[in-house]
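Participant: Dropping in input31.tsv, which is TSV, N, CA, C and O atoms:
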```tsv
chain	number	residue	atom	x	y	z
A	1	THR	N	-12.55	-42.12	-12.40
A	1	THR	CA	-11.91	-42.39	-11.13
A	1	THR	C	-11.42	-41.10	-10.49
A	1	THR	O	-11.00	-40.18	-11.18
A	2	ILE	N	-11.45	-41.09	-9.20
A	2	ILE	CA	-10.94	-39.97	-8.42
A	2	ILE	C	-9.66	-40.41	-7.74
A	2	ILE	O	-9.62	-41.50	-7.14
A	3	SER	N	-8.65	-39.58	-7.85
A	3	SER	CA	-7.37	-39.88	-7.21
A	3	SER	C	-7.11	-38.83	-6.14
A	3	SER	O	-7.17	-37.64	-6.40
A	4	ILE	N	-6.86	-39.28	-4.94
A	4	ILE	CA	-6.56	-38.37	-3.83
A	4	ILE	C	-5.14	-38.63	-3.38
A	4	ILE	O	-4.77	-39.78	-3.10
A	5	ARG	N	-4.37	-37.57	-3.34
A	5	ARG	CA	-2.98	-37.69	-2.89
A	5	ARG	C	-2.82	-36.91	-1.60
A	5	ARG	O	-3.12	-35.72	-1.55
A	6	TYR	N	-2.36	-37.57	-0.57
A	6	TYR	CA	-2.17	-36.93	0.72
A	6	TYR	C	-0.69	-36.76	0.99
A	6	TYR	O	0.08	-37.69	0.86
A	7	GLU	N	-0.30	-35.55	1.36
A	7	GLU	CA	1.07	-35.29	1.77
A	7	GLU	C	1.03	-34.73	3.18
A	7	GLU	O	0.27	-33.79	3.45
A	8	ALA	N	1.83	-35.30	4.05
A	8	ALA	CA	1.88	-34.80	5.42
A	8	ALA	C	2.36	-33.35	5.40
A	8	ALA	O	3.17	-32.96	4.58
A	9	LYS	N	1.87	-32.55	6.34
A	9	LYS	CA	2.27	-31.16	6.42
A	9	LYS	C	3.73	-31.02	6.80
A	9	LYS	O	4.36	-30.04	6.51
A	10	THR	N	4.26	-31.99	7.46
A	10	THR	CA	5.65	-31.94	7.86
A	10	THR	C	6.36	-33.23	7.46
A	10	THR	O	5.74	-34.28	7.42
A	11	SER	N	7.62	-33.11	7.17
A	11	SER	CA	8.40	-34.29	6.82
A	11	SER	C	9.24	-34.76	8.00
A	11	SER	O	9.95	-35.73	7.90
A	12	ILE	N	9.12	-34.07	9.12
A	12	ILE	CA	9.91	-34.40	10.31
A	12	ILE	C	9.19	-35.45	11.12
A	12	ILE	O	8.03	-35.29	11.49
A	13	GLY	N	9.88	-36.55	11.37
A	13	GLY	CA	9.34	-37.58	12.23
A	13	GLY	C	9.68	-37.31	13.69
A	13	GLY	O	8.84	-37.39	14.57
A	14	LYS	N	10.93	-36.92	13.95
A	14	LYS	CA	11.39	-36.65	15.30
A	14	LYS	C	12.53	-35.65	15.23
A	14	LYS	O	13.38	-35.73	14.35
A	15	ILE	N	12.53	-34.71	16.17
A	15	ILE	CA	13.60	-33.72	16.24
A	15	ILE	C	13.88	-33.42	17.71
A	15	ILE	O	12.94	-33.35	18.50
A	16	ILE	N	15.14	-33.28	18.05
A	16	ILE	CA	15.51	-32.88	19.41
A	16	ILE	C	15.85	-31.40	19.33
A	16	ILE	O	16.84	-31.00	18.72
A	17	ASN	N	14.97	-30.58	19.91
A	17	ASN	CA	15.13	-29.13	19.86
A	17	ASN	C	14.49	-28.54	21.11
A	17	ASN	O	13.29	-28.70	21.31
A	18	PRO	N	15.24	-27.91	21.99
A	18	PRO	CA	16.64	-27.54	21.82
A	18	PRO	C	17.57	-28.74	21.88
A	18	PRO	O	17.22	-29.78	22.42
A	19	PHE	N	18.78	-28.55	21.32
A	19	PHE	CA	19.78	-29.62	21.33
A	19	PHE	C	20.98	-29.16	22.15
A	19	PHE	O	21.11	-27.99	22.48
A	20	ARG	N	21.83	-30.13	22.47
A	20	ARG	CA	23.01	-29.83	23.27
A	20	ARG	C	24.29	-30.23	22.56
A	20	ARG	O	25.06	-29.39	22.17
A	21	ASN	N	24.51	-31.51	22.43
A	21	ASN	CA	25.77	-32.02	21.87
A	21	ASN	C	25.66	-32.53	20.44
A	21	ASN	O	26.66	-32.83	19.81
A	22	ALA	N	24.43	-32.68	19.94
A	22	ALA	CA	24.24	-33.20	18.59
A	22	ALA	C	22.93	-32.68	18.01
A	22	ALA	O	21.96	-32.48	18.73
A	23	ILE	N	22.95	-32.47	16.69
A	23	ILE	CA	21.74	-32.12	15.97
A	23	ILE	C	21.12	-33.45	15.55
A	23	ILE	O	21.74	-34.23	14.82
A	24	PHE	N	19.91	-33.72	16.04
A	24	PHE	CA	19.23	-34.97	15.71
A	24	PHE	C	17.90	-34.66	15.06
A	24	PHE	O	17.03	-34.05	15.67
A	25	ILE	N	17.76	-35.07	13.80
A	25	ILE	CA	16.51	-34.90	13.06
A	25	ILE	C	16.24	-36.20	12.33
A	25	ILE	O	17.08	-36.70	11.60
A	26	GLN	N	15.05	-36.73	12.54
A	26	GLN	CA	14.63	-37.95	11.85
A	26	GLN	C	13.45	-37.59	10.95
A	26	GLN	O	12.44	-37.06	11.42
A	27	PHE	N	13.60	-37.85	9.67
A	27	PHE	CA	12.56	-37.53	8.70
A	27	PHE	C	11.62	-38.70	8.52
A	27	PHE	O	11.98	-39.84	8.77
A	28	SER	N	10.41	-38.40	8.07
A	28	SER	CA	9.45	-39.45	7.76
A	28	SER	C	10.06	-40.39	6.72
A	28	SER	O	10.78	-39.95	5.82
A	29	SER	N	9.77	-41.64	6.84
A	29	SER	CA	10.36	-42.67	5.99
A	29	SER	C	10.19	-42.39	4.51
A	29	SER	O	9.09	-42.10	4.04
A	30	GLY	N	11.29	-42.47	3.78
A	30	GLY	CA	11.27	-42.36	2.33
A	30	GLY	C	11.21	-40.95	1.76
A	30	GLY	O	11.21	-40.77	0.56
A	31	LEU	N	11.14	-39.93	2.60
A	31	LEU	CA	11.01	-38.56	2.08
A	31	LEU	C	12.32	-37.91	1.71
A	31	LEU	O	12.36	-37.03	0.86
A	32	VAL	N	13.41	-38.32	2.35
A	32	VAL	CA	14.70	-37.68	2.10
A	32	VAL	C	15.65	-38.71	1.49
A	32	VAL	O	16.11	-39.61	2.18
A	33	PRO	N	15.94	-38.59	0.20
A	33	PRO	CA	16.85	-39.55	-0.41
A	33	PRO	C	18.27	-39.39	0.12
A	33	PRO	O	18.69	-38.28	0.45
A	34	ALA	N	18.98	-40.50	0.20
A	34	ALA	CA	20.40	-40.44	0.60
A	34	ALA	C	21.13	-39.52	-0.36
A	34	ALA	O	20.85	-39.51	-1.56
A	35	GLY	N	22.02	-38.72	0.18
A	35	GLY	CA	22.78	-37.78	-0.64
A	35	GLY	C	22.15	-36.39	-0.71
A	35	GLY	O	22.69	-35.51	-1.37
A	36	SER	N	21.01	-36.19	-0.04
A	36	SER	CA	20.40	-34.86	0.01
A	36	SER	C	21.29	-33.93	0.82
A	36	SER	O	21.79	-34.31	1.87
A	37	THR	N	21.49	-32.74	0.33
A	37	THR	CA	22.36	-31.79	1.01
A	37	THR	C	21.57	-30.98	2.03
A	37	THR	O	20.48	-30.50	1.75
A	38	TRP	N	22.15	-30.86	3.23
A	38	TRP	CA	21.57	-29.98	4.23
A	38	TRP	C	22.63	-28.99	4.70
A	38	TRP	O	23.82	-29.24	4.57
A	39	ARG	N	22.16	-27.85	5.21
A	39	ARG	CA	23.06	-26.78	5.64
A	39	ARG	C	22.62	-26.24	6.99
A	39	ARG	O	21.42	-26.25	7.29
A	40	LEU	N	23.60	-25.74	7.73
A	40	LEU	CA	23.32	-25.09	9.00
A	40	LEU	C	23.90	-23.68	8.95
A	40	LEU	O	25.07	-23.50	8.60
A	41	TYR	N	23.06	-22.69	9.28
A	41	TYR	CA	23.45	-21.29	9.28
A	41	TYR	C	23.31	-20.70	10.67
A	41	TYR	O	22.44	-21.13	11.43
A	42	ASP	N	24.13	-19.69	10.98
A	42	ASP	CA	23.87	-18.93	12.20
A	42	ASP	C	22.81	-17.89	11.86
A	42	ASP	O	22.37	-17.76	10.71
A	43	MET	N	22.38	-17.11	12.84
A	43	MET	CA	21.29	-16.17	12.62
A	43	MET	C	21.72	-14.94	11.82
A	43	MET	O	20.88	-14.14	11.43
A	44	GLN	N	23.01	-14.80	11.56
A	44	GLN	CA	23.49	-13.74	10.68
A	44	GLN	C	23.58	-14.22	9.23
A	44	GLN	O	24.03	-13.48	8.36
A	45	GLY	N	23.18	-15.46	8.98
A	45	GLY	CA	23.18	-16.01	7.63
A	45	GLY	C	24.49	-16.63	7.20
A	45	GLY	O	24.65	-16.99	6.04
A	46	ARG	N	25.44	-16.76	8.12
A	46	ARG	CA	26.72	-17.37	7.78
A	46	ARG	C	26.57	-18.89	7.74
A	46	ARG	O	26.04	-19.49	8.66
A	47	LEU	N	27.08	-19.49	6.67
A	47	LEU	CA	27.04	-20.94	6.51
A	47	LEU	C	28.07	-21.57	7.43
A	47	LEU	O	29.25	-21.25	7.38
A	48	LEU	N	27.62	-22.48	8.30
A	48	LEU	CA	28.51	-23.13	9.26
A	48	LEU	C	28.83	-24.57	8.87
A	48	LEU	O	29.95	-25.04	9.07
A	49	LEU	N	27.84	-25.29	8.37
A	49	LEU	CA	28.01	-26.70	8.01
A	49	LEU	C	27.28	-27.00	6.71
A	49	LEU	O	26.19	-26.48	6.47
A	50	THR	N	27.87	-27.86	5.91
A	50	THR	CA	27.19	-28.44	4.75
A	50	THR	C	27.49	-29.93	4.78
A	50	THR	O	28.64	-30.33	4.83
A	51	ARG	N	26.45	-30.72	4.79
A	51	ARG	CA	26.60	-32.18	4.84
A	51	ARG	C	25.59	-32.81	3.89
A	51	ARG	O	24.67	-32.17	3.42
A	52	GLN	N	25.75	-34.13	3.70
A	52	GLN	CA	24.78	-34.89	2.91
A	52	GLN	C	24.18	-35.97	3.78
A	52	GLN	O	24.87	-36.55	4.63
A	53	THR	N	22.92	-36.25	3.54
A	53	THR	CA	22.25	-37.29	4.31
A	53	THR	C	22.71	-38.66	3.82
A	53	THR	O	23.09	-38.83	2.68
A	54	SER	N	22.64	-39.62	4.72
A	54	SER	CA	22.94	-40.99	4.34
A	54	SER	C	21.71	-41.87	4.53
A	54	SER	O	21.74	-43.06	4.27
A	55	GLY	N	20.65	-41.26	4.99
A	55	GLY	CA	19.39	-41.98	5.23
A	55	GLY	C	18.36	-41.00	5.75
A	55	GLY	O	18.46	-39.80	5.51
A	56	ASN	N	17.39	-41.49	6.51
A	56	ASN	CA	16.33	-40.63	7.03
A	56	ASN	C	16.70	-39.89	8.31
A	56	ASN	O	15.90	-39.11	8.82
A	57	THR	N	17.88	-40.16	8.86
A	57	THR	CA	18.26	-39.57	10.14
A	57	THR	C	19.54	-38.76	10.03
A	57	THR	O	20.51	-39.20	9.43
A	58	ILE	N	19.51	-37.58	10.63
A	58	ILE	CA	20.72	-36.76	10.77
A	58	ILE	C	21.08	-36.75	12.23
A	58	ILE	O	20.24	-36.44	13.09
A	59	ASP	N	22.29	-37.13	12.54
A	59	ASP	CA	22.81	-37.14	13.91
A	59	ASP	C	24.21	-36.55	13.84
A	59	ASP	O	25.19	-37.27	13.75
A	60	GLU	N	24.28	-35.23	13.85
A	60	GLU	CA	25.53	-34.50	13.62
A	60	GLU	C	26.10	-33.97	14.94
A	60	GLU	O	25.42	-33.24	15.66
A	61	PRO	N	27.35	-34.33	15.29
A	61	PRO	CA	27.96	-33.78	16.49
A	61	PRO	C	27.96	-32.24	16.42
A	61	PRO	O	28.24	-31.67	15.38
A	62	ALA	N	27.63	-31.61	17.54
A	62	ALA	CA	27.51	-30.15	17.54
A	62	ALA	C	28.11	-29.52	18.78
A	62	ALA	O	27.78	-28.39	19.12
A	63	ALA	N	29.01	-30.23	19.45
A	63	ALA	CA	29.59	-29.71	20.69
A	63	ALA	C	30.37	-28.41	20.45
A	63	ALA	O	30.43	-27.56	21.33
A	64	ARG	N	30.94	-28.25	19.25
A	64	ARG	CA	31.75	-27.05	19.00
A	64	ARG	C	30.91	-25.80	18.72
A	64	ARG	O	31.43	-24.70	18.71
A	65	LEU	N	29.62	-25.97	18.46
A	65	LEU	CA	28.75	-24.82	18.23
A	65	LEU	C	28.47	-24.09	19.54
A	65	LEU	O	28.28	-24.71	20.58
A	66	LYS	N	28.41	-22.77	19.47
A	66	LYS	CA	28.09	-21.97	20.65
A	66	LYS	C	26.59	-22.00	20.89
A	66	LYS	O	25.80	-22.15	19.95
A	67	PRO	N	26.17	-21.85	22.15
A	67	PRO	CA	24.74	-21.78	22.43
A	67	PRO	C	24.10	-20.63	21.65
A	67	PRO	O	24.69	-19.57	21.49
A	68	GLY	N	22.90	-20.86	21.16
A	68	GLY	CA	22.18	-19.83	20.42
A	68	GLY	C	21.25	-20.44	19.38
A	68	GLY	O	21.07	-21.65	19.32
A	69	MET	N	20.70	-19.57	18.53
A	69	MET	CA	19.76	-20.00	17.49
A	69	MET	C	20.50	-20.28	16.19
A	69	MET	O	21.46	-19.59	15.84
A	70	TYR	N	20.02	-21.30	15.46
A	70	TYR	CA	20.59	-21.69	14.18
A	70	TYR	C	19.45	-22.00	13.22
A	70	TYR	O	18.33	-22.30	13.63
A	71	LEU	N	19.75	-21.94	11.93
A	71	LEU	CA	18.79	-22.31	10.91
A	71	LEU	C	19.29	-23.55	10.18
A	71	LEU	O	20.40	-23.56	9.65
A	72	PHE	N	18.47	-24.58	10.17
A	72	PHE	CA	18.75	-25.83	9.47
A	72	PHE	C	17.95	-25.80	8.17
A	72	PHE	O	16.75	-25.51	8.18
A	73	GLU	N	18.61	-26.09	7.06
A	73	GLU	CA	17.94	-26.02	5.76
A	73	GLU	C	18.20	-27.29	4.96
A	73	GLU	O	19.33	-27.76	4.91
A	74	ILE	N	17.14	-27.81	4.34
A	74	ILE	CA	17.26	-28.99	3.49
A	74	ILE	C	16.20	-28.90	2.39
A	74	ILE	O	15.12	-28.33	2.60
A	75	MET	N	16.53	-29.41	1.22
A	75	MET	CA	15.57	-29.48	0.12
A	75	MET	C	14.91	-30.85	0.14
A	75	MET	O	15.61	-31.87	0.11
A	76	ILE	N	13.58	-30.87	0.20
A	76	ILE	CA	12.83	-32.12	0.19
A	76	ILE	C	11.79	-32.03	-0.91
A	76	ILE	O	10.94	-31.14	-0.90
A	77	ARG	N	11.90	-32.94	-1.89
A	77	ARG	CA	10.98	-32.98	-3.03
A	77	ARG	C	10.90	-31.62	-3.73
A	77	ARG	O	9.83	-31.15	-4.09
A	78	GLY	N	12.06	-30.98	-3.85
A	78	GLY	CA	12.13	-29.70	-4.56
A	78	GLY	C	11.69	-28.50	-3.76
A	78	GLY	O	11.65	-27.39	-4.27
A	79	LYS	N	11.34	-28.70	-2.48
A	79	LYS	CA	10.91	-27.59	-1.63
A	79	LYS	C	11.90	-27.40	-0.49
A	79	LYS	O	12.32	-28.37	0.14
A	80	ARG	N	12.25	-26.14	-0.27
A	80	ARG	CA	13.19	-25.81	0.81
A	80	ARG	C	12.46	-25.87	2.14
A	80	ARG	O	11.42	-25.27	2.32
A	81	GLN	N	13.03	-26.65	3.06
A	81	GLN	CA	12.50	-26.74	4.42
A	81	GLN	C	13.52	-26.08	5.35
A	81	GLN	O	14.71	-26.42	5.29
A	82	THR	N	13.07	-25.16	6.17
A	82	THR	CA	13.95	-24.47	7.11
A	82	THR	C	13.39	-24.65	8.52
A	82	THR	O	12.19	-24.46	8.73
A	83	ILE	N	14.27	-25.02	9.43
A	83	ILE	CA	13.89	-25.26	10.81
A	83	ILE	C	14.78	-24.42	11.71
A	83	ILE	O	16.02	-24.45	11.55
A	84	LYS	N	14.19	-23.71	12.65
A	84	LYS	CA	14.99	-22.99	13.65
A	84	LYS	C	15.37	-23.97	14.74
A	84	LYS	O	14.50	-24.70	15.26
A	85	LEU	N	16.65	-23.99	15.06
A	85	LEU	CA	17.15	-24.86	16.12
A	85	LEU	C	17.77	-24.02	17.22
A	85	LEU	O	18.40	-22.99	16.93
A	86	LEU	N	17.64	-24.46	18.45
A	86	LEU	CA	18.24	-23.77	19.58
A	86	LEU	C	19.25	-24.68	20.25
A	86	LEU	O	18.92	-25.81	20.62
A	87	LYS	N	20.48	-24.18	20.39
A	87	LYS	CA	21.51	-24.94	21.10
A	87	LYS	C	21.63	-24.37	22.50
A	87	LYS	O	21.75	-23.16	22.68
A	88	THR	N	21.57	-25.24	23.49
A	88	THR	CA	21.72	-24.84	24.89
A	88	THR	C	23.05	-25.36	25.41
A	88	THR	O	23.72	-26.16	24.76
A	89	GLU	N	23.42	-24.89	26.59
A	89	GLU	CA	24.69	-25.33	27.18
A	89	GLU	C	24.55	-26.67	27.84
A	89	GLU	O	23.53	-27.10	28.21
```
Let's see the structure in the file written out as structure tokens.
Facilitator:
Amino acid sequence: TISIRYEAKTSIGKIINPFRNAIFIQFSSGLVPAGSTWRLYDMQGRLLLTRQTSGNTIDEPAARLKPGMYLFEIMIRGKRQTIKLLKTE
């Protein structure tokens, strides 16, 4: 028997980028277990937020963040995923 396993190149189902008042990222169904830790860094590498997922969607208020570039990081299936996010006014 031949077994073929397909993994999507991305685990992101939907993302709002650039964002304004909230960081919204929806992952493909079943890829991110509840309790997965994600982090947000500024471009100087300073850790700004650490949160845990409660499902496949992250909807984090971000009004207090200044406009600019940020790095979103999450571990999915043992692999680090990093996404550049842009906050606008």
Participant: In terms of the shortest atom-to-atom distance over only N, CA, C and O atoms, which of A:Pro61, A:Arg20, A:Asn56, A:Leu31 is closest to Met75 in chain A?
Facilitator: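 Ranked by minimum distance to Met75 in chain A, first place goes to A:Leu31.
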Participant: Tell me which protein, DNA and RNA residues are within 8 Å of Lys66 in chain A, counting all atoms listed in the file, leaving out same-chain ones fewer than 2 positions away, and put them as a VMD selection string.
Facilitator: chain A and resid 19 to 20 62 to 64 68 to 70 86 to 89
Participant: How far is it from CA of Tyr41 in chain A to CA of Leu65 in chain A, in Å with one decimal?
Facilitator: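 Spanning CA of Tyr41 in chain A to CA of Leu65 in chain A is a straight-line distance of 11.0 Å.
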Participant: Just checking: using only C-alpha atoms, which residue out of A:Thr57, A:Leu85, A:Leu71, A:Ile76 ends up closest to Gly45 in chain A?
Facilitator: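 Counting only C-alpha atoms, the residue closest to Gly45 in chain A is A:Leu71.
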Participant: Using all atoms listed in the file, pick whichever of A:Asp42, A:Ile25, A:Glu73, A:Thr82 has the shortest atom-to-atom distance to Gly55 in chain A.
Facilitator: A:Ile25
Participant: Would you give me, as a ChimeraX atom specification, the residues in range 26-68 of chain A that DSSP reads as strand (DSSP E)?
Facilitator: /A:26-27,37-42,47-52,57-61,68
Participant: So that I can check the surroundings of range 47-51 of chain A, please list as a PyMOL selection string every protein, DNA and RNA residue that reaches within 5 Å of it, counting only N, CA, C and O atoms and ignoring chain neighbours fewer than 2 positions away.
Facilitator: chain A and resi 36-41+45+53
Participant: Using Å and a single decimal, report how far CA of Asp59 in chain A sits from CA of Gly30 in chain A.
Facilitator: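 CA of Asp59 in chain A lies 17.2 Å from CA of Gly30 in chain A.
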Participant: Just the number, please: distance in Å from atom O of Phe27 in chain A to CA of Gln44 in chain A, one decimal.
Facilitator: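 Interatomic distance, atom O of Phe27 in chain A to CA of Gln44 in chain A: 28.6 Å.
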Participant: Quick one: of A:Ile83, A:Phe72, A:Gly13, A:Arg77, who's nearest to Val32 in chain A, counting only N, CA, C and O atoms?
Facilitator: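 Ranking A:Ile83, A:Phe72, A:Gly13, A:Arg77 by distance to Val32 in chain A, first place goes to A:Arg77.
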Participant: Go through A:Gln26, A:Ser11, A:Lys79, A:Pro18 one by one, measure the shortest atom-to-atom distance of each to Pro67 in chain A using only C-alpha atoms, and give the residue with the smallest value.
Facilitator: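 Comparing A:Gln26, A:Ser11, A:Lys79, A:Pro18 against Pro67 in chain A, the winner is A:Pro18.
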